[in-house]
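J.: Input target-v4.cif, format and content: mmCIF, C-alpha atoms and all ligand atoms.
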```cif
data_work
#
loop_
_atom_site.label_atom_id
_atom_site.label_comp_id
_atom_site.auth_asym_id
_atom_site.auth_seq_id
_atom_site.Cartn_x
_atom_site.Cartn_y
_atom_site.Cartn_z
CA MET A 845 0.00 0.00 0.00
CA SER A 846 1.33 3.40 -0.88
CA PHE A 847 -0.48 6.64 -1.64
CA TYR A 848 -3.22 7.84 -3.94
CA ILE A 849 -4.01 11.48 -4.80
CA ALA A 850 -7.13 12.40 -2.82
CA GLY A 851 -7.34 16.13 -3.61
CA THR A 852 -5.68 18.98 -5.48
CA GLY A 853 -5.63 22.78 -5.34
CA SER A 854 -3.81 25.77 -6.75
CA ALA A 855 -3.58 29.54 -6.35
CA LEU A 856 -2.00 32.01 -8.76
CA PRO A 857 -1.16 35.70 -8.61
CA GLU A 858 -3.68 37.99 -10.35
CA LYS A 859 -1.25 39.76 -12.66
CA SER A 860 -0.67 38.12 -16.04
CA VAL A 861 2.32 39.47 -17.98
CA GLY A 862 2.35 38.79 -21.74
CA ASN A 863 5.42 38.48 -23.93
CA ASP A 864 4.65 41.85 -25.51
CA ASP A 865 4.68 43.43 -22.03
CA LEU A 866 8.25 42.18 -21.60
CA ALA A 867 9.24 43.44 -25.05
CA ALA A 868 8.35 46.94 -23.79
CA PHE A 869 11.50 46.99 -21.61
CA LEU A 870 13.64 44.08 -22.89
CA ASP A 871 15.27 43.36 -26.25
CA THR A 872 12.92 40.45 -26.96
CA SER A 873 9.68 39.61 -28.81
CA ASP A 874 6.59 37.41 -28.54
CA GLU A 875 7.80 35.60 -31.66
CA TRP A 876 11.22 34.71 -30.09
CA ILE A 877 9.80 33.66 -26.72
CA TYR A 878 6.89 31.63 -28.13
CA THR A 879 8.82 29.77 -30.83
CA ARG A 880 11.80 28.99 -28.52
CA THR A 881 9.76 28.02 -25.42
CA GLY A 882 5.98 27.78 -26.03
CA ILE A 883 5.36 30.53 -23.44
CA ARG A 884 2.79 33.30 -24.16
CA ARG A 885 2.37 34.80 -20.68
CA ARG A 886 3.13 34.18 -17.00
CA ARG A 887 1.64 35.18 -13.60
CA VAL A 888 3.70 37.54 -11.45
CA LEU A 889 3.37 38.44 -7.75
CA THR A 890 2.52 42.09 -7.11
CA HIS A 891 0.59 42.79 -3.87
CA GLU A 892 0.19 39.09 -2.93
CA LYS A 893 2.47 37.22 -0.52
CA LEU A 894 3.74 33.81 -1.64
CA ASN A 895 2.86 32.35 1.77
CA ASP A 896 -0.79 33.40 1.30
CA LEU A 897 -0.98 31.70 -2.10
CA ALA A 898 0.56 28.55 -0.59
CA ILE A 899 -2.04 28.55 2.19
CA LEU A 900 -4.90 29.12 -0.27
CA SER A 901 -3.77 26.25 -2.51
CA ALA A 902 -3.48 24.01 0.58
CA ARG A 903 -7.01 24.89 1.73
CA ARG A 904 -8.39 24.16 -1.75
CA ALA A 905 -6.67 20.75 -1.86
CA LEU A 906 -7.89 19.85 1.64
CA GLU A 907 -11.45 20.87 0.72
CA ASP A 908 -11.25 18.87 -2.51
CA ALA A 909 -10.11 15.81 -0.53
CA GLY A 910 -12.68 16.38 2.24
CA VAL A 911 -9.88 16.34 4.82
CA ALA A 912 -9.69 18.73 7.81
CA GLY A 913 -6.28 20.34 8.41
CA GLU A 914 -5.96 18.76 11.85
CA ARG A 915 -6.28 15.27 10.32
CA VAL A 916 -3.11 15.65 8.22
CA ASP A 917 -0.14 13.59 9.53
CA LEU A 918 2.64 15.21 7.47
CA ILE A 919 3.10 18.54 5.66
CA LEU A 920 5.82 19.04 3.06
CA CYS A 921 6.46 22.19 1.02
CA ALA A 922 8.41 22.04 -2.22
CA THR A 923 9.96 25.47 -2.60
CA MET A 924 13.29 27.15 -3.19
CA ARG A 925 12.30 29.96 -0.83
CA GLY A 926 9.16 30.93 1.09
CA ASP A 927 8.62 34.47 2.35
CA THR A 928 10.79 33.76 5.41
CA VAL A 929 14.02 31.79 5.85
CA THR A 930 12.54 30.59 9.11
CA PRO A 931 9.86 29.52 9.91
CA SER A 932 9.72 27.19 6.93
CA LEU A 933 6.83 27.57 4.52
CA ALA A 934 5.57 24.15 5.69
CA CYS A 935 5.28 25.46 9.28
CA VAL A 936 3.43 28.56 8.02
CA VAL A 937 0.96 26.31 6.18
CA ALA A 938 0.62 24.03 9.25
CA GLU A 939 -0.31 27.02 11.41
CA ALA A 940 -2.88 28.23 8.87
CA VAL A 941 -4.64 24.87 8.45
CA GLY A 942 -4.53 24.01 12.17
CA SER A 943 -2.13 21.06 11.98
CA HIS A 944 0.42 19.85 14.53
CA ALA A 945 1.92 17.30 12.14
CA PRO A 946 5.64 17.28 11.30
CA ALA A 947 6.19 19.99 8.68
CA PHE A 948 9.30 20.83 6.66
CA ASP A 949 10.42 22.31 3.34
CA VAL A 950 12.08 20.35 0.55
CA ASN A 951 14.33 22.18 -1.90
CA ALA A 952 14.81 20.03 -4.97
CA ALA A 953 14.10 22.93 -7.36
CA CYS A 954 11.64 22.00 -10.12
CA VAL A 955 11.52 18.33 -9.02
CA GLY A 956 10.38 19.24 -5.48
CA VAL A 957 6.86 17.81 -5.67
CA LEU A 958 8.17 14.46 -6.95
CA TYR A 959 10.74 14.35 -4.12
CA CYS A 960 7.89 15.08 -1.68
CA MET A 961 5.74 12.29 -3.13
CA GLU A 962 8.57 9.80 -2.60
CA ILE A 963 9.13 11.03 0.99
CA VAL A 964 5.40 10.58 1.65
CA ASP A 965 5.60 7.05 0.22
CA SER A 966 8.38 6.27 2.73
CA PHE A 967 6.43 7.74 5.69
CA PHE A 968 3.37 5.72 4.68
CA ALA A 969 5.42 2.53 4.20
CA ALA A 970 6.98 3.00 7.66
CA GLY A 971 3.53 3.42 9.23
CA LYS A 972 4.36 6.98 10.32
CA ALA A 973 1.51 8.74 8.46
CA GLU A 974 -1.70 8.01 6.57
CA THR A 975 -2.63 11.45 5.20
CA ALA A 976 -0.13 13.98 3.82
CA LEU A 977 -0.32 17.48 2.40
CA ILE A 978 2.22 18.53 -0.22
CA VAL A 979 2.33 22.22 -1.10
CA SER A 980 4.52 23.76 -3.78
CA ALA A 981 5.08 27.50 -4.02
CA GLU A 982 7.61 29.57 -5.95
CA ALA A 983 8.18 33.32 -6.25
CA MET A 984 10.42 33.11 -9.30
CA SER A 985 9.88 36.77 -10.20
CA LYS A 986 11.71 37.76 -6.99
CA LEU A 987 14.73 35.61 -7.83
CA LEU A 988 15.35 36.77 -11.40
CA ASN A 989 17.51 39.42 -13.02
CA TRP A 990 14.87 41.35 -15.01
CA GLU A 991 17.58 42.73 -17.30
CA ASP A 992 18.65 39.24 -18.39
CA ARG A 993 16.39 38.34 -21.30
CA SER A 994 17.74 34.78 -21.47
CA THR A 995 16.25 33.90 -18.05
CA CYS A 996 13.52 36.35 -16.95
CA VAL A 997 11.17 35.55 -19.86
CA LEU A 998 11.02 31.88 -18.88
CA PHE A 999 9.52 31.87 -15.39
CA GLY A 1000 6.29 32.57 -13.50
CA ASP A 1001 4.95 32.55 -9.91
CA GLY A 1002 2.32 30.33 -8.31
CA ALA A 1003 1.33 27.72 -5.74
CA GLY A 1004 -0.25 24.25 -5.92
CA ALA A 1005 -1.14 21.51 -3.46
CA LEU A 1006 -1.98 17.82 -3.26
CA VAL A 1007 -3.48 15.71 -0.51
CA LEU A 1008 -2.16 12.14 -0.51
CA LYS A 1009 -3.88 9.34 1.40
CA LYS A 1010 -2.69 5.85 2.17
CA GLY A 1011 -3.98 3.38 -0.41
CA ALA A 1012 -3.40 1.92 -3.86
CA GLY A 1013 -2.20 4.50 -6.39
CA ARG A 1014 1.57 4.97 -6.67
CA LEU A 1015 3.01 2.33 -8.96
CA ALA A 1016 6.69 3.37 -9.01
CA GLY A 1017 9.03 6.27 -8.49
CA VAL A 1018 12.61 7.21 -9.35
CA LEU A 1019 14.70 10.17 -8.14
CA SER A 1020 18.26 11.14 -8.91
CA THR A 1021 20.85 13.91 -8.90
CA ASP A 1022 23.52 14.64 -11.50
CA PRO A 1023 25.41 17.07 -9.26
CA ASP A 1024 26.35 20.34 -10.97
CA SER A 1025 26.53 23.62 -9.06
CA HIS A 1026 27.18 25.85 -12.05
CA VAL A 1027 24.65 25.50 -14.86
CA ILE A 1028 21.77 26.84 -12.70
CA ARG A 1029 22.84 28.86 -9.68
CA MET A 1030 21.30 31.44 -7.39
CA PRO A 1031 23.28 32.76 -4.39
CA HIS A 1032 21.77 33.69 -1.00
CA ILE A 1033 22.04 37.18 0.47
CA GLU A 1034 25.18 36.58 2.46
CA GLY A 1035 26.35 37.88 5.86
CA MET A 1036 25.15 41.44 5.30
CA ASN A 1037 24.92 42.11 9.04
CA SER A 1038 27.97 40.18 10.26
CA PRO A 1039 30.95 42.33 11.35
CA TYR A 1040 33.15 39.26 10.64
CA ASN A 1041 31.98 38.64 7.08
CA GLN A 1042 34.79 38.96 4.55
CA SER A 1043 33.14 37.56 1.44
CA GLU A 1044 31.93 39.86 -1.33
CA PRO A 1045 28.13 40.09 -1.64
CA GLN A 1046 26.94 38.47 -4.87
CA PRO A 1047 23.98 39.67 -6.93
CA LEU A 1048 20.86 37.87 -5.75
CA CYS A 1049 19.56 36.48 -9.02
CA MET A 1050 19.55 33.40 -11.18
CA HIS A 1051 22.42 32.51 -13.51
CA MET A 1052 21.72 29.82 -16.06
CA ASP A 1053 23.48 28.21 -18.99
CA GLY A 1054 20.30 27.54 -20.98
CA GLY A 1055 21.95 25.35 -23.61
CA GLU A 1056 23.55 23.02 -21.04
CA VAL A 1057 20.30 22.77 -19.06
CA TYR A 1058 18.43 21.98 -22.28
CA LYS A 1059 20.74 19.03 -23.09
CA PHE A 1060 20.53 17.70 -19.53
CA ALA A 1061 16.75 18.09 -19.47
CA VAL A 1062 16.03 16.12 -22.64
CA ASN A 1063 18.31 13.31 -21.53
CA ALA A 1064 17.08 13.24 -17.90
CA MET A 1065 13.37 13.33 -18.79
CA GLY A 1066 13.76 10.42 -21.24
CA ARG A 1067 15.89 8.41 -18.80
CA ASN A 1068 13.44 8.88 -15.90
CA ILE A 1069 10.39 7.98 -18.01
CA ALA A 1070 12.04 4.76 -19.18
CA GLU A 1071 13.16 3.85 -15.64
CA VAL A 1072 9.87 4.51 -13.85
CA CYS A 1073 8.00 2.47 -16.49
CA ARG A 1074 10.55 -0.35 -16.14
CA ARG A 1075 10.05 -0.35 -12.34
CA ALA A 1076 6.26 -0.46 -12.75
CA GLY A 1077 6.49 -3.16 -15.42
CA ILE A 1078 4.62 -1.20 -18.10
CA ALA A 1079 5.52 0.32 -21.48
CA PRO A 1080 5.57 4.13 -21.88
CA ALA A 1081 2.73 3.77 -24.41
CA GLU A 1082 0.51 2.30 -21.65
CA VAL A 1083 0.65 5.55 -19.67
CA ASP A 1084 -2.64 7.46 -20.02
CA TRP A 1085 -1.40 10.96 -19.15
CA TYR A 1086 2.04 12.54 -19.09
CA LEU A 1087 2.45 15.51 -16.71
CA PRO A 1088 5.93 16.86 -17.51
CA HIS A 1089 7.68 19.79 -15.84
CA GLN A 1090 6.68 22.89 -17.84
CA ALA A 1091 10.09 24.44 -18.64
CA ASN A 1092 10.08 24.54 -22.42
CA ILE A 1093 7.69 22.93 -24.91
CA ARG A 1094 10.67 21.94 -27.08
CA ILE A 1095 12.21 20.03 -24.12
CA ILE A 1096 8.89 18.21 -23.57
CA ASP A 1097 8.56 17.31 -27.26
CA ALA A 1098 12.20 16.24 -27.64
CA SER A 1099 12.26 14.05 -24.52
CA LEU A 1100 9.02 12.24 -25.41
CA ARG A 1101 9.69 11.85 -29.14
CA LYS A 1102 11.47 8.49 -28.89
CA PHE A 1103 8.53 6.95 -26.97
CA LYS A 1104 6.13 7.81 -29.82
CA ILE A 1105 3.50 9.08 -27.34
CA ARG A 1106 0.27 10.51 -28.81
CA LYS A 1107 0.29 14.31 -28.37
CA GLU A 1108 -3.15 14.37 -26.64
CA LYS A 1109 -1.69 12.35 -23.75
CA VAL A 1110 0.89 15.02 -22.94
CA LEU A 1111 -0.62 17.73 -20.74
CA THR A 1112 0.74 21.28 -20.85
CA ASN A 1113 -0.13 24.75 -19.58
CA ILE A 1114 3.24 26.39 -20.22
CA ALA A 1115 1.71 28.89 -22.67
CA GLU A 1116 -0.29 30.45 -19.80
CA TYR A 1117 2.13 30.23 -16.88
CA GLY A 1118 5.71 29.68 -18.08
CA ASN A 1119 8.01 27.70 -15.79
CA MET A 1120 6.81 27.86 -12.16
CA SER A 1121 9.60 25.57 -10.93
CA ALA A 1122 8.29 23.05 -8.35
CA THR A 1123 4.77 24.38 -8.79
CA SER A 1124 4.48 23.53 -12.50
CA VAL A 1125 3.37 19.91 -12.10
CA SER A 1126 1.00 20.57 -9.20
CA VAL A 1127 -0.86 23.39 -10.99
CA LEU A 1128 -0.98 21.25 -14.15
CA LEU A 1129 -2.45 18.34 -12.16
CA ASP A 1130 -5.02 20.54 -10.43
CA GLU A 1131 -6.20 22.19 -13.64
CA PHE A 1132 -6.71 18.95 -15.54
CA ALA A 1133 -8.20 17.16 -12.52
CA ARG A 1134 -10.80 19.91 -12.11
CA ARG A 1135 -11.67 19.67 -15.82
CA GLY A 1136 -12.53 16.00 -15.25
CA THR A 1137 -9.73 14.78 -17.53
CA PHE A 1138 -8.80 11.72 -15.45
CA ARG A 1139 -10.84 8.52 -15.04
CA ARG A 1140 -10.49 6.04 -12.16
CA GLY A 1141 -7.47 3.79 -12.85
CA ASP A 1142 -5.83 6.10 -15.40
CA LYS A 1143 -2.04 5.98 -15.20
CA LEU A 1144 -0.45 9.40 -14.66
CA LEU A 1145 3.29 9.89 -15.17
CA PHE A 1146 4.94 12.92 -13.54
CA VAL A 1147 8.44 13.70 -14.80
CA ALA A 1148 10.70 16.66 -13.99
CA PHE A 1149 14.24 18.04 -13.97
CA GLY A 1150 15.72 21.05 -12.21
CA ALA A 1151 18.62 22.89 -10.61
CA GLY A 1152 21.03 20.73 -8.70
CA LEU A 1153 20.76 19.02 -11.13
CA THR A 1154 17.82 16.98 -9.87
CA SER A 1155 15.46 14.78 -11.82
CA GLY A 1156 12.80 12.15 -11.28
CA ALA A 1157 9.53 10.52 -12.29
CA VAL A 1158 6.52 9.15 -10.39
CA LEU A 1159 3.87 6.89 -11.89
CA ALA A 1160 0.52 6.73 -10.11
CA GLU A 1161 -3.01 5.54 -10.86
CA TRP A 1162 -5.77 8.12 -10.50
CA ASN A 1163 -7.85 6.68 -7.66
CA LYS A 1164 -9.40 9.83 -6.22
CA GLY A 1165 -12.51 9.05 -4.20
CA ALA A 1166 -11.38 5.43 -3.75
CA GLU A 1167 -12.35 5.16 -0.09
O1 LIG B 1 13.47 24.51 -14.76
C1 LIG B 1 14.74 24.50 -15.36
C2 LIG B 1 15.04 25.85 -15.90
N1 LIG B 1 15.72 26.03 -17.12
C3 LIG B 1 15.39 25.60 -18.37
O2 LIG B 1 14.55 24.80 -18.57
C4 LIG B 1 16.16 26.19 -19.52
C5 LIG B 1 16.50 25.21 -20.61
N2 LIG B 1 16.97 25.89 -21.80
C6 LIG B 1 16.11 26.48 -22.68
O3 LIG B 1 14.91 26.39 -22.52
C7 LIG B 1 16.70 27.19 -23.90
O4 LIG B 1 18.08 26.93 -23.96
C8 LIG B 1 16.44 28.73 -23.86
C9 LIG B 1 14.97 29.01 -24.07
C10 LIG B 1 16.90 29.30 -22.52
C11 LIG B 1 17.23 29.39 -24.98
O5 LIG B 1 16.84 28.86 -26.24
P1 LIG B 1 17.95 28.51 -27.33
O6 LIG B 1 17.25 28.07 -28.53
O7 LIG B 1 18.90 27.53 -26.68
O8 LIG B 1 18.61 29.93 -27.59
P2 LIG B 1 20.12 30.36 -27.39
O9 LIG B 1 20.46 30.39 -25.92
O10 LIG B 1 20.98 29.51 -28.27
O11 LIG B 1 20.09 31.83 -27.94
C12 LIG B 1 19.90 32.11 -29.29
C13 LIG B 1 19.94 33.63 -29.47
C14 LIG B 1 21.13 34.29 -28.80
O12 LIG B 1 21.57 35.32 -29.65
P3 LIG B 1 22.87 35.13 -30.57
O13 LIG B 1 24.00 34.86 -29.60
O14 LIG B 1 22.56 33.98 -31.47
O15 LIG B 1 22.97 36.45 -31.28
C15 LIG B 1 20.56 34.88 -27.54
O16 LIG B 1 21.27 36.03 -27.11
O17 LIG B 1 18.78 34.21 -28.87
C16 LIG B 1 19.18 35.29 -28.01
N3 LIG B 1 18.22 35.40 -26.93
C17 LIG B 1 17.08 36.11 -27.06
N4 LIG B 1 16.58 36.83 -28.06
C18 LIG B 1 15.36 37.41 -27.88
C19 LIG B 1 18.25 34.85 -25.69
N5 LIG B 1 17.16 35.18 -25.01
C20 LIG B 1 16.41 35.96 -25.82
C21 LIG B 1 15.16 36.60 -25.70
N6 LIG B 1 14.70 37.30 -26.73
N7 LIG B 1 14.42 36.51 -24.57
#
```
Could you express the structure from this file as structure tokens?
T.:
Amino acid sequence: MSFYIAGTGSALPEKSVGNDDLAAFLDTSDEWIYTRTGIRRRRVLTHEKLNDLAILSARRALEDAGVAGERVDLILCATMRGDTVTPSLACVVAEAVGSHAPAFDVNAACVGVLYCMEIVDSFFAAGKAETALIVSAEAMSKLLNWEDRSTCVLFGDGAGALVLKKGAGRLAGVLSTDPDSHVIRMPHIEGMNSPYNQSEPQPLCMHMDGGEVYKFAVNAMGRNIAEVCRRAGIAPAEVDWYLPHQANIRIIDASLRKFKIRKEKVLTNIAEYGNMSATSVSVLLDEFARRGTFRRGDKLLFVAFGAGLTSGAVLAEWNKGAE
């Protein structure tokens, strides 16, 4: 017995910024961004707090699952950075939903939700929990250099959540790291207040070698799909729905090409939201779940790659409402 997905939720900032809006202050164009990435627009935080979006997405997922906050046994947040270094975002969510369960953040960049799913699987297998809340939330707009056209056009902000319950659903999972601290890197604000600090402050924004990440991504997505299917004993063609990390439509197409998957099985929302890091797969899941896309027993394959360099895939049957 492992987990099944019992509920989903999401919450996005109000402001939608189109490619043409970016072209007003950057040397770029809708044509370049759309043809190279598949992105048309993205949501950006203005007056909202990331923590509030995380809490709202959590409440929506709990309501969808019919689970009260105090009944949750474990809360995990996939994020690179909540609004505070401490308390963790998971503790902020726990307070808001009235939970005393263990709560901690997981930073595995864009693969965070998949890492959380596998941690939940281990807690369930060890008999330490039966209901878990996974929240993902990213404020990418606050981490970017808005003068760097090769990175700032790619990302968006948002939050998503899943409630997992003990039961039949997860078929297999695979996680890995190909350690590389250079191709995607974002320094912390460092020692500003320490009288002993001797290191030079670094600009607080993302640096990325897009070409290197692209090559890694195509390879890692393909490798993880093949491995998770092997572990579950099924062929990639038997998967009903692919939910890939939404970084670049060309990466999604290139990594799936060799499996000859029908296009309708590959779910995307990158045109609307860009790359929301850890939050991409959870918002994608919530949107398609609420449209009634999935039928009981459908096989869903989540696959992602990210800074670190992390990657992974989780294969699970859609058994919502199974109890
Ligand atoms: O979650 C993980 C996060 N990261 C990723 O997923 C990134 C993976 N990489 C990519 O998605 C692609 O490599 C990019 C979308 C970042 C870039 O696409 P590309 O086809 O690899 O373009 P490129 O880097 O080879 O750049 C081609 C040209 C360059 O000009 P020159 O040197 O040929 O004159 C860039 O300066 O496009 C230029 N360029 C732009 N032009 C207009 C780069 N960014 C832009 C822009 N608008 N926004």
J.: Write as a ChimeraX atom specification the residues around ligand LIG 1 (chain B), taking 7 Å as the cut-off and counting only C-alpha atoms and all ligand atoms.
T.: /A:871-873,876-877,880-881,954,993-995,997,1054-1055,1057-1058,1091-1092,1119,1121,1149-1151
J.: Figure out the distance between CA of Ser1124 in chain A and CA of Glu982 in chain A, please, to one decimal in Å.
T.: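 Pair CA of Glu982 in chain A / CA of Ser1124 in chain A returns 9.4 Å.
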J.: Pick from A:Leu998, A:Val950, A:Val936, A:Leu906: nearest to Leu866 in chain A, with all atoms listed in the file counted?
T.: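 Counting all atoms listed in the file, the residue closest to Leu866 in chain A is A:Leu998.
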J.: Can you pull out every residue within 12 Å of range 1131-1133 of chain A, counting only C-alpha atoms, but drop anything in the same chain fewer than 5 positions away, and send it as an MDAnalysis selection string?
T.: chainID A and resid 849:856 905 908 1004:1006 1085:1087 1109:1113 1116 1124:1126 1138:1140 1142 1144 1162:1164
J.: Determine, counting all atoms listed in the file, which protein, DNA and RNA residues have an atom within 12 Å of an atom of range 984-989 of chain A; residues of the same chain fewer than 6 positions away are not included. Present the result as number ranges by chain.
T.: A: 857, 859, 861, 870, 886-890, 893-894, 923-927, 953-954, 995-1003, 1028-1033, 1047-1052, 1117-1124
J.: For Leu1153 in chain A, list every protein, DNA or RNA residue within 6 Å, evaluated using all atoms listed in the file, and leave out those in the same chain fewer than 6 positions away; present the list as a VMD selection string.
T.: chain A and resid 1021 to 1024
J.: My list of candidates is A:Ile1078, A:Ala1012, A:Ile1095, A:Ala952. Which is closest to Gly1156 in chain A when distances are computed with only C-alpha atoms?
T.: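 Checking each candidate against Gly1156 in chain A, we get A:Ala952 as the closest.
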J.: Using all atoms listed in the file, which protein or nucleic acid residues come within 12 Å of Phe847 in chain A? Drop anything in the same chain fewer than 2 positions from it, and give the result as a ChimeraX atom specification.
T.: /A:845,849-851,960-969,973-977,1006-1017,1158-1164,1166
J.: I'd like the interatomic distance between CA of Glu892 in chain A and CA of Glu914 in chain A, to a tenth of an Å.
T.: 25.9 Å
J.: When distances are computed from only C-alpha atoms, which of A:Gln1042, A:Asn951, A:Ser943, A:Asn1068 shows the smallest separation from Gly913 in chain A?
T.: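 Result for the nearest residue to Gly913 in chain A: A:Ser943.
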J.: So, with all atoms listed in the file as the atoms that count, which of A:Ser846, A:Ser1155, A:Gln1046, A:Gln1090 lies closest to Leu1128 in chain A?
T.: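 Closest to Leu1128 in chain A, using all atoms listed in the file: A:Gln1090.
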J.: If I take CA of Arg884 in chain A and CA of Ala868 in chain A, how far is one from the other in Å, to one decimal?
T.: 14.7 Å
J.: Could I get range 1096-1103 of chain A rebuilt with all heavy atoms, written as an mmCIF file, keeping the file's coordinate frame?
T.:
```cif
data_model
loop_
_atom_site.group_PDB
_atom_site.id
_atom_site.type_symbol
_atom_site.label_atom_id
_atom_site.label_comp_id
_atom_site.auth_asym_id
_atom_site.auth_seq_id
_atom_site.Cartn_x
_atom_site.Cartn_y
_atom_site.Cartn_z
ATOM 1 N N ILE A 1096 9.937 19.238 -23.730
ATOM 2 C CA ILE A 1096 8.890 18.210 -23.570
ATOM 3 C C ILE A 1096 8.793 17.371 -24.848
ATOM 4 O O ILE A 1096 8.836 16.135 -24.808
ATOM 5 C CB ILE A 1096 7.537 18.862 -23.217
ATOM 6 C CG1 ILE A 1096 7.624 19.556 -21.856
ATOM 7 C CG2 ILE A 1096 6.404 17.854 -23.249
ATOM 8 C CD1 ILE A 1096 6.413 20.415 -21.486
ATOM 9 N N ASP A 1097 8.700 18.034 -25.982
ATOM 10 C CA ASP A 1097 8.560 17.310 -27.260
ATOM 11 C C ASP A 1097 9.777 16.424 -27.516
ATOM 12 O O ASP A 1097 9.652 15.253 -27.877
ATOM 13 C CB ASP A 1097 8.416 18.301 -28.428
ATOM 14 C CG ASP A 1097 7.064 19.004 -28.398
ATOM 15 O OD1 ASP A 1097 6.172 18.540 -27.662
ATOM 16 O OD2 ASP A 1097 6.913 20.024 -29.105
ATOM 17 N N ALA A 1098 10.981 16.981 -27.314
ATOM 18 C CA ALA A 1098 12.200 16.240 -27.640
ATOM 19 C C ALA A 1098 12.380 15.031 -26.715
ATOM 20 O O ALA A 1098 12.812 13.956 -27.153
ATOM 21 C CB ALA A 1098 13.419 17.157 -27.538
ATOM 22 N N SER A 1099 12.018 15.177 -25.428
ATOM 23 C CA SER A 1099 12.260 14.050 -24.520
ATOM 24 C C SER A 1099 11.230 12.939 -24.705
ATOM 25 O O SER A 1099 11.507 11.784 -24.408
ATOM 26 C CB SER A 1099 12.304 14.525 -23.067
ATOM 27 O OG SER A 1099 11.162 15.266 -22.772
ATOM 28 N N LEU A 1100 10.062 13.270 -25.227
ATOM 29 C CA LEU A 1100 9.020 12.240 -25.410
ATOM 30 C C LEU A 1100 9.041 11.612 -26.804
ATOM 31 O O LEU A 1100 8.424 10.579 -27.020
ATOM 32 C CB LEU A 1100 7.645 12.848 -25.123
ATOM 33 C CG LEU A 1100 7.350 13.059 -23.639
ATOM 34 C CD1 LEU A 1100 6.152 13.961 -23.439
ATOM 35 C CD2 LEU A 1100 7.096 11.722 -22.952
ATOM 36 N N ARG A 1101 9.752 12.267 -27.721
ATOM 37 C CA ARG A 1101 9.690 11.850 -29.140
ATOM 38 C C ARG A 1101 9.986 10.362 -29.322
ATOM 39 O O ARG A 1101 9.259 9.654 -30.007
ATOM 40 C CB ARG A 1101 10.678 12.689 -29.962
ATOM 41 C CG ARG A 1101 10.426 12.623 -31.469
ATOM 42 C CD ARG A 1101 11.221 13.690 -32.199
ATOM 43 N NE ARG A 1101 10.838 15.041 -31.823
ATOM 44 C CZ ARG A 1101 11.698 16.033 -31.550
ATOM 45 N NH1 ARG A 1101 13.006 15.822 -31.613
ATOM 46 N NH2 ARG A 1101 11.269 17.237 -31.226
ATOM 47 N N LYS A 1102 11.052 9.882 -28.649
ATOM 48 C CA LYS A 1102 11.470 8.490 -28.890
ATOM 49 C C LYS A 1102 10.444 7.472 -28.381
ATOM 50 O O LYS A 1102 10.450 6.323 -28.793
ATOM 51 C CB LYS A 1102 12.837 8.228 -28.274
ATOM 52 C CG LYS A 1102 12.896 8.273 -26.780
ATOM 53 C CD LYS A 1102 14.300 7.908 -26.306
ATOM 54 C CE LYS A 1102 14.411 8.208 -24.824
ATOM 55 N NZ LYS A 1102 15.699 8.409 -24.313
ATOM 56 N N PHE A 1103 9.534 7.890 -27.485
ATOM 57 C CA PHE A 1103 8.530 6.950 -26.970
ATOM 58 C C PHE A 1103 7.284 6.903 -27.842
ATOM 59 O O PHE A 1103 6.365 6.122 -27.584
ATOM 60 C CB PHE A 1103 8.148 7.322 -25.530
ATOM 61 C CG PHE A 1103 9.313 7.320 -24.582
ATOM 62 C CD1 PHE A 1103 9.775 8.496 -24.012
ATOM 63 C CD2 PHE A 1103 9.965 6.135 -24.263
ATOM 64 C CE1 PHE A 1103 10.843 8.500 -23.138
ATOM 65 C CE2 PHE A 1103 11.048 6.126 -23.389
ATOM 66 C CZ PHE A 1103 11.491 7.325 -22.831
#
```
